[in-house]
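J.: Let me begin by handing over the structure; questions about it come next.
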Amino acid sequence: MPLKNSLLLLLAAVIWGIAFVAQSVGMDYVGGFTFNAVRSLIGSAVLVPLILVLGQKNSNSSATVETASSHPSTNTVSNVQKQKDLIIGGIFCGICLCLASNFQQFGIKYTTVGKAGFITACYIVIVPIIGLFLGKKCSKFIWAAVVMALIGLYLLCITDGFSIGKGDLLVLVCAFLFSIHILVIDHFSPKVDGVKLSCIQFLTCGILSGIPALLFEHPEFSSILAAWQPILYAGVMSCGVAYTLQIIGQKNMNPTVASLILSLESCISVLAGWVLLGQQLSAKEIFGCVIMFAAIILAQLPQKQNA
């Protein structure tokens, strides 16, 4: 396993973990819809230069292939279908991302960034459960991970009065929506270019988030400028840089190992919240985080394939 790849993925996890702090701080200046709209549009713009560079390389290689091909019409039909899948996939992914990110954004307003990071990471356990309804079987490891995640969630979210906080509930809905988002990406990503798909989904998310922002939050340019640091970090670093690092880091790497490294963002969010915002967790909440992280690792263990 290349050390360089692991370090790139670890850096992506660090960027995403700290992004929870940026989201929390950004809410002090602008509304949740406004924050997500601006950061998503910035994230989409950041990926454009990367698309142009990659497109230039691909055009040079495809020109060579077309010269050798004796069926140019077949290639044309294939390209049209790819463009169709790219647009449809990008829009669907953008809709899912818009719903998930806005539930997360408003949830962070009412809970700590550490708790939000771990609850969001539940998607790693939720995805296989949703897969059951799609005809995919779950191993014993997955079921054990589900039980552990529920125990961890209880310790992390449920108060002494047996109630769950408003913010925790919103982030839990966000984790479910991110699970849907992952499954949609899983369907479209093998068919299209990943960077272009991400660019379109960020653009869609930005436009959709911008509609309620204009209707309900009436954003002012001065407020957006006041929040330029968290917005720029979330847009450029979290959306643009970290996504690119993930693409490069996952190349020729075991996807299970890659998922484990990326899931460290939940631990980093706790550390970032403590160091940058002074947010602390109780012993009970820390124990819940430990159990949930163990569940995340367990859910990523390789499953034996039945003959």
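We label chains A, B, ... in the order they appear in the structure tokens, count residues from 1 in each chain, and number ligands from 1 in the order shown.
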So that I can see what lies close to A:Leu8, please list as a PyMOL selection string the residues with an atom at most 8 Å from it, counting only C-alpha atoms and leaving out residues fewer than 6 positions away in the same chain.
T.: chain A and resi 245-246+248-249
J.: Write the residues of the selection above to a file with all heavy atoms, as a PDB file, in the first residue's frame.
T.:
ATOM      1  N   LEU A 245      -7.972  15.297  -3.607  1.00  0.00           N
ATOM      2  CA  LEU A 245      -7.067  14.423  -2.856  1.00  0.00           C
ATOM      3  C   LEU A 245      -7.638  13.012  -2.757  1.00  0.00           C
ATOM      4  O   LEU A 245      -6.904  12.022  -2.835  1.00  0.00           O
ATOM      5  CB  LEU A 245      -6.829  14.992  -1.456  1.00  0.00           C
ATOM      6  CG  LEU A 245      -5.982  16.254  -1.353  1.00  0.00           C
ATOM      7  CD1 LEU A 245      -5.972  16.773   0.074  1.00  0.00           C
ATOM      8  CD2 LEU A 245      -4.560  15.984  -1.827  1.00  0.00           C
ATOM      9  N   GLN A 246      -8.965  12.916  -2.575  1.00  0.00           N
ATOM     10  CA  GLN A 246      -9.605  11.603  -2.482  1.00  0.00           C
ATOM     11  C   GLN A 246      -9.475  10.843  -3.798  1.00  0.00           C
ATOM     12  O   GLN A 246      -9.182   9.645  -3.808  1.00  0.00           O
ATOM     13  CB  GLN A 246     -11.084  11.760  -2.122  1.00  0.00           C
ATOM     14  CG  GLN A 246     -11.794  10.417  -1.941  1.00  0.00           C
ATOM     15  CD  GLN A 246     -13.295  10.580  -1.776  1.00  0.00           C
ATOM     16  OE1 GLN A 246     -13.840  11.640  -2.023  1.00  0.00           O
ATOM     17  NE2 GLN A 246     -13.958   9.527  -1.356  1.00  0.00           N
ATOM     18  N   ILE A 248      -7.162  11.200  -6.159  1.00  0.00           N
ATOM     19  CA  ILE A 248      -5.768  10.801  -6.361  1.00  0.00           C
ATOM     20  C   ILE A 248      -5.370   9.712  -5.381  1.00  0.00           C
ATOM     21  O   ILE A 248      -4.729   8.727  -5.735  1.00  0.00           O
ATOM     22  CB  ILE A 248      -4.823  12.016  -6.206  1.00  0.00           C
ATOM     23  CG1 ILE A 248      -5.162  13.082  -7.252  1.00  0.00           C
ATOM     24  CG2 ILE A 248      -3.363  11.593  -6.338  1.00  0.00           C
ATOM     25  CD1 ILE A 248      -4.434  14.397  -7.042  1.00  0.00           C
ATOM     26  N   GLY A 249      -5.785   9.875  -4.111  1.00  0.00           N
ATOM     27  CA  GLY A 249      -5.393   8.934  -3.069  1.00  0.00           C
ATOM     28  C   GLY A 249      -5.996   7.551  -3.225  1.00  0.00           C
ATOM     29  O   GLY A 249      -5.367   6.541  -2.885  1.00  0.00           O
TER      30      GLY A 249
END
J.: Please list as a list in words every residue within 10 Å of A:Ile200, counting only C-alpha atoms and excluding residues in the same chain fewer than 4 positions away.
T.: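 So, after excluding close chain neighbours, the residues are Leu41, Ser44, Ala45, Leu47, Leu86, Ile87, Ile88, Gly89, Gly90, Ile91, Phe92, Cys93, Gly94, Val195, Lys196, Thr204, Cys205 and Gly206 of chain A.
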J.: Report as a PyMOL selection string all protein, DNA and RNA residues lying within 12 Å of A:Cys98, evaluated on only C-alpha atoms, omitting residues in the same chain fewer than 5 positions from it.
T.: chain A and resi 32-37+39-41+90-93+103-105+174+177-178+180-181+201-212
J.: Taking the DSSP assignment computed from this structure's backbone, write out as number ranges by chain all residues of stretch 163-242 of chain A that belong to alpha helix (DSSP H).
T.: A: 166-188, 194-212, 221-226, 228-232, 242
J.: What separation in Å, quoted to one decimal, exists between atom CA of A:Lys251 and atom CA of A:Met237?
T.: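 Separating atom CA of A:Lys251 from atom CA of A:Met237 is a distance of 20.0 Å.
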J.: Find the distance between atom CA of A:Asp168 and atom CA of A:Leu156 and write it in Å to one decimal.
T.: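 Value for the atom CA of A:Asp168-atom CA of A:Leu156 distance: 9.0 Å.
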J.: If you count only C-alpha atoms, which residues fall within 6 Å of stretch 285-299 of chain A, apart from same-chain ones fewer than 5 positions away, as a list in words?
T.: Ile142, Ala145, Met148, Ala149, Gly152, Leu155 and Leu156 of chain A
J.: Go through A:Ala144, A:Leu276, A:Leu271, A:Val241 and flag the residue nearest A:Leu50, using only C-alpha atoms for the distances.
T.: A:Val241
J.: What gap, in Å, lies between atom CA of A:Ile119 and atom CA of A:Val173?
T.: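 Atom CA of A:Ile119 sits 9.4 Å away from atom CA of A:Val173.
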J.: Nearest to A:Lys166 among A:Ile108, A:Val46, A:Ile224, A:Val125, with distances taken over only C-alpha atoms: which residue is it?
T.: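 With only C-alpha atoms as the atom set, the closest residue is A:Ile108.
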J.: Would you mind telling me which residue in A:Trp16, A:Tyr29, A:Phe188, A:Phe176 lies nearest to A:Glu220 when using only C-alpha atoms?
T.: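 Nearest candidate to A:Glu220 out of A:Trp16, A:Tyr29, A:Phe188, A:Phe176: A:Tyr29.
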J.: Determine, counting only C-alpha atoms, which protein, DNA and RNA residues have an atom within 8 Å of an atom of A:Gly114; residues of the same chain fewer than 5 positions away are not included. Present the result as a list in words.
T.: Ser266, Cys267, Ser269, Val270, Leu271, Ala272, Gly273 and Leu281 of chain A
J.: Pick out the closest residue to A:Asp85 from this set: A:Val192, A:Leu132, A:Leu52, A:Ile231. Count only C-alpha atoms.
T.: A:Val192
